[in-house]
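K.L.:
File name my_file.csv; file contents CSV, C-alpha atoms (C1' of nucleotides); full text below.
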chain,number,residue,atom,x,y,z
A,213,MET,CA,-18.9,199.1,148.9
A,214,LEU,CA,-18.4,195.4,148.3
A,215,PRO,CA,-18.0,194.0,144.8
A,216,LEU,CA,-21.3,192.6,143.7
A,217,VAL,CA,-19.9,189.2,143.1
A,218,LEU,CA,-19.0,188.9,146.8
A,219,GLN,CA,-22.4,190.0,147.8
A,220,TRP,CA,-24.0,187.4,145.6
A,221,ARG,CA,-21.8,184.7,146.8
A,222,LYS,CA,-22.6,185.7,150.4
A,223,MET,CA,-26.3,185.4,149.7
A,224,ILE,CA,-26.1,182.2,147.8
A,225,ALA,CA,-23.8,180.3,150.1
A,226,PRO,CA,-23.1,182.0,153.4
A,227,ALA,CA,-21.4,179.0,154.8
A,228,ALA,CA,-19.1,178.4,151.8
A,229,GLU,CA,-17.0,181.5,152.4
A,230,PRO,CA,-15.1,182.8,149.5
A,231,ARG,CA,-11.3,182.3,149.3
A,232,LEU,CA,-10.0,184.7,151.8
A,233,ALA,CA,-6.5,186.2,151.7
A,234,ARG,CA,-4.1,184.4,154.0
A,235,ASN,CA,-4.3,187.0,156.8
A,236,TYR,CA,-8.1,187.4,156.5
A,237,ARG,CA,-8.4,183.7,156.9
A,238,LEU,CA,-6.1,183.8,159.9
A,239,ILE,CA,-8.3,186.4,161.5
A,240,TYR,CA,-11.4,184.5,160.7
A,241,ASP,CA,-10.0,181.3,162.3
A,242,ILE,CA,-9.1,183.3,165.4
A,243,VAL,CA,-12.6,184.6,165.8
A,244,ARG,CA,-14.1,181.2,165.1
A,245,GLY,CA,-11.5,179.4,167.2
A,246,ALA,CA,-12.4,181.6,170.2
A,247,GLY,CA,-15.6,179.6,170.3
A,248,LEU,CA,-19.3,180.5,170.1
A,249,GLY,CA,-20.3,182.9,172.8
A,250,ARG,CA,-16.8,184.2,173.1
A,251,HIS,CA,-16.5,187.9,172.5
A,252,LEU,CA,-13.2,189.4,171.4
A,253,VAL,CA,-12.1,193.0,171.3
A,254,MET,CA,-10.0,194.0,168.3
A,255,ALA,CA,-6.9,194.4,170.4
A,256,GLU,CA,-7.3,190.8,171.5
A,257,VAL,CA,-7.7,189.5,168.0
A,258,TYR,CA,-4.5,191.4,167.1
A,259,GLU,CA,-2.7,189.9,170.0
A,260,TYR,CA,-3.7,186.4,169.0
A,261,ALA,CA,-2.9,187.1,165.4
A,262,ARG,CA,0.7,188.2,166.3
A,263,ARG,CA,1.3,184.9,168.0
A,264,GLU,CA,0.7,183.2,164.7
A,265,GLN,CA,2.3,185.8,162.6
A,266,PRO,CA,4.4,188.3,164.5
A,267,ARG,CA,4.8,190.7,161.6
A,268,ILE,CA,1.2,191.3,161.0
A,269,GLY,CA,0.1,194.9,161.3
A,270,PHE,CA,-2.8,196.2,163.3
A,271,SER,CA,-4.4,197.7,160.2
A,272,THR,CA,-4.5,194.3,158.6
A,273,VAL,CA,-6.5,193.0,161.5
A,274,TYR,CA,-8.7,196.0,161.4
A,275,ARG,CA,-9.4,195.5,157.7
A,276,ALA,CA,-9.9,191.8,158.0
A,277,LEU,CA,-12.5,192.2,160.7
A,278,ALA,CA,-14.2,194.9,158.6
A,279,ARG,CA,-14.3,192.6,155.6
A,280,LEU,CA,-15.4,189.5,157.5
A,281,HIS,CA,-18.2,191.6,158.9
A,282,GLU,CA,-19.2,192.8,155.5
A,283,LEU,CA,-19.2,189.2,154.3
A,284,GLY,CA,-21.5,188.3,157.2
A,285,LEU,CA,-19.0,185.8,158.7
A,286,VAL,CA,-18.3,187.8,161.8
A,287,SER,CA,-20.6,190.0,163.9
A,288,GLU,CA,-19.5,193.3,165.2
A,289,ILE,CA,-21.2,194.0,168.5
A,290,ARG,CA,-21.4,197.5,169.9
A,291,LEU,CA,-22.8,197.7,173.4
A,292,PRO,CA,-23.8,201.0,175.0
A,293,GLY,CA,-21.2,202.0,177.6
A,294,ALA,CA,-18.5,199.7,176.2
A,295,ASP,CA,-15.8,201.7,174.7
A,296,SER,CA,-14.8,199.2,172.1
A,297,ALA,CA,-16.6,196.8,169.8
A,298,TYR,CA,-16.7,193.0,170.3
A,299,TYR,CA,-16.4,190.5,167.6
A,300,GLU,CA,-17.9,187.0,167.5
A,301,VAL,CA,-18.6,184.5,164.8
A,302,ALA,CA,-21.9,185.2,163.1
A,303,GLY,CA,-24.9,183.2,164.2
A,304,LYS,CA,-28.5,183.6,165.1
A,305,PRO,CA,-29.5,187.1,166.3
A,306,HIS,CA,-29.6,187.4,170.0
A,307,ALA,CA,-29.3,189.9,172.9
A,308,HIS,CA,-26.2,190.5,175.0
A,309,PHE,CA,-25.5,190.9,178.7
A,310,ARG,CA,-22.6,193.0,179.9
A,311,CYS,CA,-21.2,193.0,183.4
A,312,GLU,CA,-20.6,196.7,184.3
A,313,ARG,CA,-18.0,195.7,186.8
A,314,CYS,CA,-15.7,193.3,185.0
A,315,GLY,CA,-16.7,194.0,181.4
A,316,ALA,CA,-17.6,190.4,180.6
A,317,VAL,CA,-20.1,189.9,177.8
A,318,ALA,CA,-22.4,187.0,177.3
A,319,ASP,CA,-25.0,186.0,174.7
A,320,VAL,CA,-28.6,186.1,175.8
A,321,ASP,CA,-30.8,184.0,173.6
A,322,TYR,CA,-33.7,186.4,173.1
A,323,VAL,CA,-35.0,188.7,170.5
A,324,PRO,CA,-37.9,191.1,170.9
A,325,PRO,CA,-41.0,189.7,169.1
A,326,GLN,CA,-41.3,190.8,165.5
A,327,ARG,CA,-44.9,191.9,166.2
A,328,LEU,CA,-43.8,194.4,168.8
A,329,VAL,CA,-41.0,195.8,166.6
A,330,ARG,CA,-43.4,196.2,163.7
A,331,GLU,CA,-45.9,197.9,165.9
A,332,LEU,CA,-43.3,200.4,167.3
A,333,GLY,CA,-42.1,201.2,163.9
A,334,ARG,CA,-45.6,201.8,162.7
A,335,ARG,CA,-46.5,203.9,165.7
A,336,HIS,CA,-43.5,206.2,165.1
A,337,GLY,CA,-43.6,206.2,161.4
A,338,VAL,CA,-40.1,204.8,161.0
A,339,GLU,CA,-38.6,201.8,159.1
A,340,ILE,CA,-36.8,199.5,161.5
A,341,ASP,CA,-33.9,197.4,160.2
A,342,ASP,CA,-32.4,196.3,163.5
A,343,VAL,CA,-33.3,195.9,167.1
A,344,LEU,CA,-30.6,195.9,169.7
A,345,LEU,CA,-31.2,194.7,173.2
A,346,SER,CA,-28.6,194.7,175.9
A,347,LEU,CA,-28.8,193.8,179.6
A,348,HIS,CA,-26.4,195.5,182.0
A,349,GLY,CA,-25.6,194.5,185.6
A,350,ARG,CA,-23.3,192.1,187.4
A,351,CYS,CA,-22.3,188.7,186.4
A,352,ALA,CA,-22.6,185.9,188.9
A,353,THR,CA,-19.0,186.3,190.1
A,354,CYS,CA,-19.1,190.0,190.5
A,355,ALA,CA,-22.5,189.9,192.2
A,356,ALA,CA,-21.2,187.5,194.7
A,357,ALA,CA,-18.0,189.5,195.3
A,358,GLU,CA,-20.2,192.6,196.0
A,359,SER,CA,-23.0,191.1,198.0
A,360,PRO,CA,-23.3,192.3,201.6
A,361,ALA,CA,-22.8,188.8,202.8
A,362,ALA,CA,-19.6,188.5,200.9
A,363,ARG,CA,-18.4,191.9,202.1
A,364,GLY,CA,-19.3,190.9,205.6
A,365,ALA,CA,-17.4,187.7,205.3
A,366,LEU,CA,-14.4,189.5,203.9
A,367,ALA,CA,-14.3,192.6,206.0
A,368,GLY,CA,-15.9,191.3,209.1
A,369,THR,CA,-18.5,194.0,209.1
B,2,MET,CA,-23.6,202.9,189.3
B,3,LEU,CA,-25.3,205.8,191.0
B,4,PRO,CA,-25.1,206.0,194.8
B,5,LEU,CA,-28.3,204.7,196.3
B,6,VAL,CA,-28.9,207.9,198.2
B,7,LEU,CA,-29.0,209.8,195.0
B,8,GLN,CA,-31.3,207.4,193.4
B,9,TRP,CA,-33.7,207.8,196.3
B,10,ARG,CA,-33.5,211.5,196.1
B,11,LYS,CA,-34.3,211.3,192.5
B,12,MET,CA,-37.3,209.2,193.1
B,13,ILE,CA,-38.5,211.1,196.1
B,14,ALA,CA,-38.1,214.6,194.8
B,15,PRO,CA,-36.8,214.9,191.3
B,16,ALA,CA,-37.9,218.5,191.0
B,17,ALA,CA,-36.1,219.7,194.1
B,18,GLU,CA,-32.6,219.8,192.7
B,19,PRO,CA,-29.9,220.9,195.0
B,20,ARG,CA,-28.3,224.3,194.6
B,21,LEU,CA,-26.2,224.1,191.4
B,22,ALA,CA,-23.2,226.2,190.6
B,23,ARG,CA,-23.9,229.0,188.1
B,24,ASN,CA,-22.5,227.1,185.2
B,25,TYR,CA,-24.1,223.8,186.1
B,26,ARG,CA,-27.4,225.5,186.3
B,27,LEU,CA,-26.8,227.0,182.9
B,28,ILE,CA,-26.1,223.6,181.4
B,29,TYR,CA,-29.1,222.1,183.1
B,30,ASP,CA,-31.3,224.9,181.7
B,31,ILE,CA,-30.0,224.3,178.3
B,32,VAL,CA,-30.8,220.6,178.4
B,33,ARG,CA,-34.2,221.2,179.9
B,34,GLY,CA,-34.8,224.0,177.5
B,35,ALA,CA,-34.1,221.8,174.5
B,36,GLY,CA,-37.4,220.2,175.3
B,37,LEU,CA,-38.5,216.7,176.2
B,38,GLY,CA,-37.6,214.3,173.5
B,39,ARG,CA,-34.8,216.4,172.2
B,40,HIS,CA,-31.4,214.8,172.2
B,41,LEU,CA,-28.3,216.9,172.5
B,42,VAL,CA,-24.7,215.9,171.9
B,43,MET,CA,-22.1,217.3,174.2
B,44,ALA,CA,-20.7,219.6,171.5
B,45,GLU,CA,-24.2,221.1,170.9
B,46,VAL,CA,-24.6,221.8,174.6
B,47,TYR,CA,-21.2,223.5,174.6
B,48,GLU,CA,-22.2,225.6,171.6
B,49,TYR,CA,-25.4,226.7,173.3
B,50,ALA,CA,-23.6,227.4,176.5
B,51,ARG,CA,-21.1,229.7,174.7
B,52,ARG,CA,-23.9,231.8,173.3
B,53,GLU,CA,-24.9,232.6,176.9
B,54,GLN,CA,-21.5,232.7,178.3
B,55,PRO,CA,-18.8,232.9,175.7
B,56,ARG,CA,-15.9,232.3,178.1
B,57,ILE,CA,-17.1,229.0,179.3
B,58,GLY,CA,-14.8,226.1,178.8
B,59,PHE,CA,-15.5,222.8,177.3
B,60,SER,CA,-14.4,221.0,180.4
B,61,THR,CA,-17.0,222.8,182.4
B,62,VAL,CA,-19.7,221.6,180.2
B,63,TYR,CA,-18.3,218.1,180.4
B,64,ARG,CA,-18.2,218.2,184.2
B,65,ALA,CA,-21.6,219.8,184.4
B,66,LEU,CA,-23.2,217.1,182.3
B,67,ALA,CA,-21.4,214.4,184.3
B,68,ARG,CA,-22.6,215.9,187.6
B,69,LEU,CA,-26.2,216.4,186.4
B,70,HIS,CA,-26.2,212.8,185.3
B,71,GLU,CA,-25.0,211.7,188.7
B,72,LEU,CA,-27.7,213.7,190.3
B,73,GLY,CA,-30.2,212.0,188.1
B,74,LEU,CA,-31.4,215.3,186.5
B,75,VAL,CA,-30.1,214.4,183.0
B,76,SER,CA,-29.9,211.1,181.2
B,77,GLU,CA,-26.9,210.2,179.2
B,78,ILE,CA,-27.8,208.0,176.3
B,79,ARG,CA,-25.3,205.9,174.5
B,80,LEU,CA,-26.6,204.1,171.5
B,81,PRO,CA,-24.8,201.3,169.7
B,82,GLY,CA,-23.2,202.7,166.5
B,83,ALA,CA,-23.5,206.3,167.6
B,84,ASP,CA,-20.0,207.7,168.2
B,85,SER,CA,-21.1,210.2,170.8
B,86,ALA,CA,-23.5,210.2,173.7
B,87,TYR,CA,-26.8,212.1,173.8
B,88,TYR,CA,-28.2,214.0,176.7
B,89,GLU,CA,-31.8,214.7,177.6
B,90,VAL,CA,-33.7,215.8,180.6
B,91,ALA,CA,-34.3,212.8,182.8
B,92,GLY,CA,-37.8,211.2,182.7
B,93,LYS,CA,-39.5,207.9,182.6
B,94,PRO,CA,-37.4,205.1,181.2
B,95,HIS,CA,-37.9,204.4,177.5
B,96,ALA,CA,-36.3,203.0,174.4
B,97,HIS,CA,-34.7,204.9,171.5
B,98,PHE,CA,-34.8,204.9,167.8
B,99,ARG,CA,-31.9,206.1,165.8
B,100,CYS,CA,-31.9,206.8,162.1
B,101,GLU,CA,-28.8,205.3,160.6
B,102,ARG,CA,-28.9,207.7,157.7
B,103,CYS,CA,-29.3,211.1,159.3
B,104,GLY,CA,-28.4,210.3,162.9
B,105,ALA,CA,-31.7,211.6,164.3
B,106,VAL,CA,-32.7,210.1,167.7
B,107,ALA,CA,-36.2,209.7,168.9
B,108,ASP,CA,-37.8,208.5,172.1
B,109,VAL,CA,-39.8,205.3,171.9
B,110,ASP,CA,-42.2,204.8,174.7
B,111,TYR,CA,-41.5,201.2,175.5
B,112,VAL,CA,-39.7,199.1,178.1
B,113,PRO,CA,-39.3,195.4,178.0
B,114,PRO,CA,-41.6,193.8,180.6
B,115,GLN,CA,-40.0,193.3,184.0
B,116,ARG,CA,-41.1,189.7,184.0
B,117,LEU,CA,-39.0,189.0,181.0
B,118,VAL,CA,-36.0,190.8,182.3
B,119,ARG,CA,-36.1,188.9,185.6
B,120,GLU,CA,-36.5,185.6,183.7
B,121,LEU,CA,-33.5,186.3,181.5
B,122,GLY,CA,-31.4,187.4,184.5
B,123,ARG,CA,-32.4,184.2,186.4
B,124,ARG,CA,-31.7,182.0,183.4
B,125,HIS,CA,-28.2,183.4,183.0
B,126,GLY,CA,-27.5,183.7,186.7
B,127,VAL,CA,-26.8,187.4,186.5
B,128,GLU,CA,-28.1,190.5,188.3
B,129,ILE,CA,-29.7,193.0,185.9
B,130,ASP,CA,-29.7,196.6,186.7
B,131,ASP,CA,-30.5,198.1,183.4
B,132,VAL,CA,-32.1,197.1,180.1
B,133,LEU,CA,-31.3,199.1,177.0
B,134,LEU,CA,-33.4,198.7,173.9
B,135,SER,CA,-32.6,200.6,170.7
B,136,LEU,CA,-34.2,200.5,167.3
B,137,HIS,CA,-32.2,201.3,164.2
B,138,GLY,CA,-33.4,202.1,160.7
B,139,ARG,CA,-34.6,205.0,158.7
B,140,CYS,CA,-36.7,207.9,159.9
B,141,ALA,CA,-39.8,208.8,157.9
B,142,THR,CA,-37.9,211.5,155.9
B,143,CYS,CA,-34.9,209.4,155.1
B,144,ALA,CA,-37.1,206.4,154.2
B,145,ALA,CA,-39.0,208.5,151.8
B,146,ALA,CA,-35.9,209.9,150.3
B,147,GLU,CA,-34.6,206.4,149.6
B,148,SER,CA,-37.7,204.6,148.5
B,149,PRO,CA,-37.7,203.3,144.9
B,150,ALA,CA,-40.6,205.5,144.1
B,151,ALA,CA,-38.8,208.6,145.2
B,152,ARG,CA,-35.7,207.5,143.4
B,153,GLY,CA,-37.7,206.9,140.3
B,154,ALA,CA,-39.4,210.3,140.5
B,155,LEU,CA,-36.0,212.0,140.9
B,156,ALA,CA,-33.9,210.0,138.4
B,157,GLY,CA,-36.6,209.2,135.9
B,158,THR,CA,-35.8,205.5,136.0
C,286,DG,C1',4.5,183.3,131.4
C,287,DA,C1',5.2,188.4,131.1
C,288,DA,C1',2.8,192.6,131.6
C,289,DA,C1',-0.9,194.9,133.7
C,290,DA,C1',-4.3,195.5,137.0
C,291,DA,C1',-6.2,194.5,141.5
C,292,DA,C1',-5.9,193.3,146.1
C,293,DG,C1',-3.5,193.1,150.3
C,294,DT,C1',0.1,194.9,153.7
C,295,DG,C1',2.6,197.3,157.7
C,296,DA,C1',4.0,201.6,159.6
C,297,DA,C1',2.7,205.6,160.9
C,298,DA,C1',-0.1,209.6,160.8
C,299,DC,C1',-4.5,211.1,161.9
C,300,DC,C1',-9.1,211.8,164.1
C,301,DG,C1',-12.9,212.6,167.4
C,302,DG,C1',-15.0,212.3,171.6
C,303,DG,C1',-14.1,212.3,175.7
C,304,DT,C1',-11.2,212.7,180.2
C,305,DT,C1',-7.6,214.4,183.2
C,306,DT,C1',-4.4,217.8,184.9
C,307,DC,C1',-2.8,222.3,186.2
C,308,DA,C1',-2.8,226.7,188.0
C,309,DC,C1',-6.0,229.7,189.3
C,310,DT,C1',-10.5,232.0,191.1
C,311,DA,C1',-15.0,232.1,193.5
C,312,DC,C1',-17.6,230.8,197.2
C,313,DC,C1',-18.6,229.4,201.8
C,314,DT,C1',-18.0,228.7,206.7
C,315,DC,C1',-16.6,229.8,210.9
D,15,DG,C1',-11.2,237.7,206.6
D,16,DA,C1',-8.6,233.4,206.8
D,17,DG,C1',-8.8,228.8,205.5
D,18,DG,C1',-10.9,225.2,203.2
D,19,DT,C1',-13.7,223.5,199.4
D,20,DA,C1',-15.8,223.7,194.9
D,21,DG,C1',-15.6,225.3,190.4
D,22,DT,C1',-13.1,227.0,186.1
D,23,DG,C1',-10.7,227.4,181.4
D,24,DA,C1',-6.8,226.0,178.7
D,25,DA,C1',-4.4,222.5,177.3
D,26,DA,C1',-2.5,218.1,177.4
D,27,DC,C1',-3.6,213.5,177.1
D,28,DC,C1',-5.9,209.0,176.0
D,29,DC,C1',-7.9,205.4,173.3
D,30,DG,C1',-10.1,202.9,169.9
D,31,DG,C1',-10.4,203.1,165.7
D,32,DT,C1',-9.6,204.9,160.6
D,33,DT,C1',-7.0,206.5,156.8
D,34,DT,C1',-2.9,207.2,154.1
D,35,DC,C1',1.3,205.9,152.0
D,36,DA,C1',4.7,203.4,149.6
D,37,DC,C1',5.3,198.8,148.7
D,38,DT,C1',4.5,193.6,147.9
D,39,DT,C1',1.6,189.8,146.5
D,40,DT,C1',-1.9,187.8,143.8
D,41,DT,C1',-4.7,187.5,140.1
D,42,DT,C1',-6.0,188.4,135.3
D,43,DT,C1',-5.3,189.1,130.7
D,44,DC,C1',-3.3,188.4,126.5
In structure tokens, how does this file's structure come out?
P.N.:
Amino acid sequence: MLPLVLQWRKMIAPAAEPRLARNYRLIYDIVRGAGLGRHLVMAEVYEYARREQPRIGFSTVYRALARLHELGLVSEIRLPGADSAYYEVAGKPHAHFRCERCGAVADVDYVPPQRLVRELGRRHGVEIDDVLLSLHGRCATCAAAESPAARGALAGT
Amino acid sequence: MLPLVLQWRKMIAPAAEPRLARNYRLIYDIVRGAGLGRHLVMAEVYEYARREQPRIGFSTVYRALARLHELGLVSEIRLPGADSAYYEVAGKPHAHFRCERCGAVADVDYVPPQRLVRELGRRHGVEIDDVLLSLHGRCATCAAAESPAARGALAGT
DNA sequence: GAAAAAAGTGAAACCGGGTTTCACTACCTC
DNA sequence: GAGGTAGTGAAACCCGGTTTCACTTTTTTC
């Protein structure tokens, strides 16, 4: 569990992140630097981190991401069917789209209405903390590459 | 994605499953026998299978579940945060609830409206094949066990 | 500012849920 | 009943974390 002080600090001033250890800050900068809407896998974060600091260990990246997630600075996104988790800088809640062909992930600006969630929780007698919505299919590029027209053009059939 | 032919077969005659190899049938019966709304992990299926047929191998169970899923007879459910997949007899699409404390999974009879899904797909220029909605929180039992009242009653505080 | 405590670190071992391979057997089909 | 195909169990493998260990750095405390 997180020391209480950090929890408080997080609640009071989520933007004013606490002093982070050198490496933790590095990792945070990498995730932030990737840009809003960019989704990194832990291995990618590690790769970027090594460019800056070749002797950094994988476990440090792992721990940094875990900590940053605890602090609410970074979101950890687990999508059904994806074998690994994605990390992005924390922001407003939203849904995700994942291309089942190329694995690309994109933010989708939508959350199921509170009203509905409450109703479902009530109906099933459960307490709902979190709602995860994910869309799965083909991104524009992959869809085009697979459409019959494209196939015809390529294969002559 | 599932070959279209199989999807059709599933829609046209879900009950008329093709002849299944002895072990595949056994696995299917186990999943069906568990009852609608019951969610089995592969290890559980294996365990049950061994009761009937002690020499069965894990890989057979694995392959049977994969095959049954391909055939559209069994649904494979992957929930964000759950480390393993759940299997249940195929039925109408629906959402899932997962208790983050005890891991229990329950069906939730709801699917996001088609209209919305189409709109989101259009807006993002992607082709959506599948929409996964999962609710996460505490089941009734776990919620009760954790409520301040319950804690007070137990701890006298 | 030195001693003591706490936090962070990298390498490497470990873990769990699949997934694949291999040598073999059972089942069909003609 | 010979030849091809599908199914089988054991075991090896894979991968994305997760944990442990011995050690270094930082921070606190007097």
K.L.:
Residues of chain B near chain A: apply a cut-off of 12 Å, count all atoms listed in the file, and supply the list as a ChimeraX atom specification.
P.N.:
/B:2,77-87,96-102,105-114,117-145,147-148
K.L.:
Mind fitting chain B to chain A by least squares on all Cα atoms in order and giving back the moved coordinates as a tab-separated table (two decimals) with C-alpha atoms, in the frame of the given file?
P.N.:
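Output below, filename part-v3.tsv:
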chain	number	residue	atom	x	y	z
B	2	MET	CA	-25.24	198.80	155.14
B	3	LEU	CA	-24.01	195.61	153.55
B	4	PRO	CA	-24.45	195.21	149.78
B	5	LEU	CA	-27.47	193.07	149.08
B	6	VAL	CA	-25.46	190.62	147.05
B	7	LEU	CA	-23.32	189.89	150.02
B	8	GLN	CA	-26.22	189.46	152.26
B	9	TRP	CA	-27.67	186.90	149.88
B	10	ARG	CA	-24.43	185.09	149.69
B	11	LYS	CA	-24.34	184.96	153.38
B	12	MET	CA	-27.76	183.53	153.59
B	13	ILE	CA	-27.35	181.14	150.73
B	14	ALA	CA	-23.98	179.74	151.59
B	15	PRO	CA	-22.40	181.08	154.71
B	16	ALA	CA	-19.91	178.25	154.89
B	17	ALA	CA	-18.55	178.72	151.40
B	18	GLU	CA	-16.40	181.75	152.05
B	19	PRO	CA	-14.51	183.13	149.16
B	20	ARG	CA	-10.77	182.67	148.91
B	21	LEU	CA	-9.26	184.90	151.63
B	22	ALA	CA	-5.80	186.36	151.61
B	23	ARG	CA	-3.36	184.56	153.93
B	24	ASN	CA	-3.68	187.10	156.66
B	25	TYR	CA	-7.43	187.45	156.41
B	26	ARG	CA	-7.76	183.76	156.72
B	27	LEU	CA	-5.56	183.85	159.77
B	28	ILE	CA	-7.76	186.45	161.41
B	29	TYR	CA	-10.88	184.57	160.49
B	30	ASP	CA	-9.42	181.39	162.04
B	31	ILE	CA	-8.61	183.20	165.15
B	32	VAL	CA	-12.14	184.52	165.56
B	33	ARG	CA	-13.67	181.19	164.72
B	34	GLY	CA	-11.20	179.46	166.92
B	35	ALA	CA	-12.11	181.59	169.91
B	36	GLY	CA	-15.30	179.62	169.94
B	37	LEU	CA	-18.97	180.49	169.61
B	38	GLY	CA	-20.00	182.86	172.29
B	39	ARG	CA	-16.56	184.21	172.80
B	40	HIS	CA	-16.14	187.91	172.27
B	41	LEU	CA	-12.84	189.31	171.16
B	42	VAL	CA	-11.70	192.92	171.11
B	43	MET	CA	-9.62	194.05	168.22
B	44	ALA	CA	-6.47	194.30	170.35
B	45	GLU	CA	-6.91	190.64	171.50
B	46	VAL	CA	-7.22	189.49	167.91
B	47	TYR	CA	-4.04	191.40	167.07
B	48	GLU	CA	-2.25	189.79	170.00
B	49	TYR	CA	-3.30	186.32	168.88
B	50	ALA	CA	-2.38	187.06	165.33
B	51	ARG	CA	1.17	188.11	166.37
B	52	ARG	CA	1.74	184.81	168.10
B	53	GLU	CA	1.22	183.12	164.72
B	54	GLN	CA	2.80	185.72	162.66
B	55	PRO	CA	4.85	188.17	164.64
B	56	ARG	CA	5.40	190.63	161.77
B	57	ILE	CA	1.79	191.27	161.15
B	58	GLY	CA	0.65	194.81	161.44
B	59	PHE	CA	-2.19	196.20	163.36
B	60	SER	CA	-3.70	197.72	160.28
B	61	THR	CA	-3.91	194.34	158.68
B	62	VAL	CA	-5.90	193.01	161.48
B	63	TYR	CA	-8.14	196.04	161.33
B	64	ARG	CA	-8.71	195.62	157.60
B	65	ALA	CA	-9.17	191.90	157.94
B	66	LEU	CA	-11.86	192.28	160.56
B	67	ALA	CA	-13.56	195.00	158.50
B	68	ARG	CA	-13.54	192.79	155.38
B	69	LEU	CA	-14.76	189.67	157.23
B	70	HIS	CA	-17.56	191.75	158.63
B	71	GLU	CA	-18.49	192.94	155.18
B	72	LEU	CA	-18.52	189.42	153.98
B	73	GLY	CA	-20.82	188.52	156.78
B	74	LEU	CA	-18.38	185.93	158.27
B	75	VAL	CA	-17.81	187.91	161.51
B	76	SER	CA	-20.13	190.08	163.53
B	77	GLU	CA	-18.96	193.30	164.97
B	78	ILE	CA	-20.72	194.09	168.18
B	79	ARG	CA	-20.85	197.53	169.63
B	80	LEU	CA	-22.47	197.78	172.98
B	81	PRO	CA	-23.54	201.01	174.64
B	82	GLY	CA	-20.95	201.96	177.31
B	83	ALA	CA	-18.30	199.63	175.96
B	84	ASP	CA	-15.43	201.71	174.54
B	85	SER	CA	-14.40	199.14	171.99
B	86	ALA	CA	-16.18	196.79	169.65
B	87	TYR	CA	-16.32	193.00	170.04
B	88	TYR	CA	-15.99	190.46	167.31
B	89	GLU	CA	-17.43	186.98	167.09
B	90	VAL	CA	-18.06	184.45	164.44
B	91	ALA	CA	-21.28	185.31	162.70
B	92	GLY	CA	-24.41	183.27	163.65
B	93	LYS	CA	-28.03	183.66	164.39
B	94	PRO	CA	-29.02	187.09	165.60
B	95	HIS	CA	-29.18	187.49	169.37
B	96	ALA	CA	-28.94	189.95	172.21
B	97	HIS	CA	-25.99	190.60	174.54
B	98	PHE	CA	-25.35	190.96	178.16
B	99	ARG	CA	-22.47	192.96	179.42
B	100	CYS	CA	-21.20	193.03	182.96
B	101	GLU	CA	-20.57	196.60	183.94
B	102	ARG	CA	-18.08	195.56	186.57
B	103	CYS	CA	-15.74	193.20	184.77
B	104	GLY	CA	-16.62	193.95	181.15
B	105	ALA	CA	-17.50	190.33	180.33
B	106	VAL	CA	-19.90	189.91	177.35
B	107	ALA	CA	-22.27	187.07	176.92
B	108	ASP	CA	-24.69	186.00	174.24
B	109	VAL	CA	-28.36	186.09	175.13
B	110	ASP	CA	-30.54	184.03	172.93
B	111	TYR	CA	-33.34	186.47	172.34
B	112	VAL	CA	-34.65	188.79	169.64
B	113	PRO	CA	-37.51	191.14	170.01
B	114	PRO	CA	-40.52	189.78	168.08
B	115	GLN	CA	-40.75	190.98	164.49
B	116	ARG	CA	-44.32	192.01	165.05
B	117	LEU	CA	-43.26	194.50	167.62
B	118	VAL	CA	-40.45	195.86	165.58
B	119	ARG	CA	-42.71	196.41	162.56
B	120	GLU	CA	-45.32	198.10	164.80
B	121	LEU	CA	-42.77	200.48	166.28
B	122	GLY	CA	-41.32	201.27	162.83
B	123	ARG	CA	-44.87	201.94	161.47
B	124	ARG	CA	-45.79	204.08	164.46
B	125	HIS	CA	-42.73	206.28	164.02
B	126	GLY	CA	-42.81	206.26	160.24
B	127	VAL	CA	-39.32	204.86	159.95
B	128	GLU	CA	-37.74	201.88	158.17
B	129	ILE	CA	-36.03	199.49	160.60
B	130	ASP	CA	-33.17	197.44	159.48
B	131	ASP	CA	-31.71	196.36	162.72
B	132	VAL	CA	-32.76	195.96	166.35
B	133	LEU	CA	-30.10	195.91	169.03
B	134	LEU	CA	-30.94	194.75	172.51
B	135	SER	CA	-28.34	194.77	175.29
B	136	LEU	CA	-28.62	193.90	178.94
B	137	HIS	CA	-26.34	195.50	181.49
B	138	GLY	CA	-25.64	194.49	185.07
B	139	ARG	CA	-23.47	192.16	186.99
B	140	CYS	CA	-22.35	188.70	185.97
B	141	ALA	CA	-22.83	185.87	188.46
B	142	THR	CA	-19.22	186.23	189.77
B	143	CYS	CA	-19.27	189.96	190.15
B	144	ALA	CA	-22.75	189.86	191.75
B	145	ALA	CA	-21.53	187.43	194.27
B	146	ALA	CA	-18.48	189.43	194.98
B	147	GLU	CA	-20.60	192.49	195.73
B	148	SER	CA	-23.50	191.02	197.59
B	149	PRO	CA	-23.92	192.15	201.23
B	150	ALA	CA	-23.43	188.64	202.38
B	151	ALA	CA	-20.11	188.33	200.66
B	152	ARG	CA	-19.10	191.72	201.90
B	153	GLY	CA	-20.05	190.75	205.38
B	154	ALA	CA	-18.13	187.47	205.21
B	155	LEU	CA	-15.03	189.33	203.97
B	156	ALA	CA	-15.15	192.46	206.18
B	157	GLY	CA	-16.74	190.95	209.23
B	158	THR	CA	-19.44	193.60	209.32
K.L.:
Just how far from atom C1' of C:DA296 is atom CA of A:Tyr299, in Å to one decimal?
P.N.:
24.6 Å
K.L.:
Between atom C1' of D:DC28 and atom CA of B:Leu27, what is the spacing in Å?
P.N.:
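Result for atom CA of B:Leu27 versus atom C1' of D:DC28: 28.4 Å, one decimal.
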K.L.:
Residues of chain C near chain A: apply a cut-off of 8 Å, count all atoms listed in the file, and supply the list as a list in words.
P.N.:
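Only these qualify: DG293, DT294, DG295 and DA296 of chain C.
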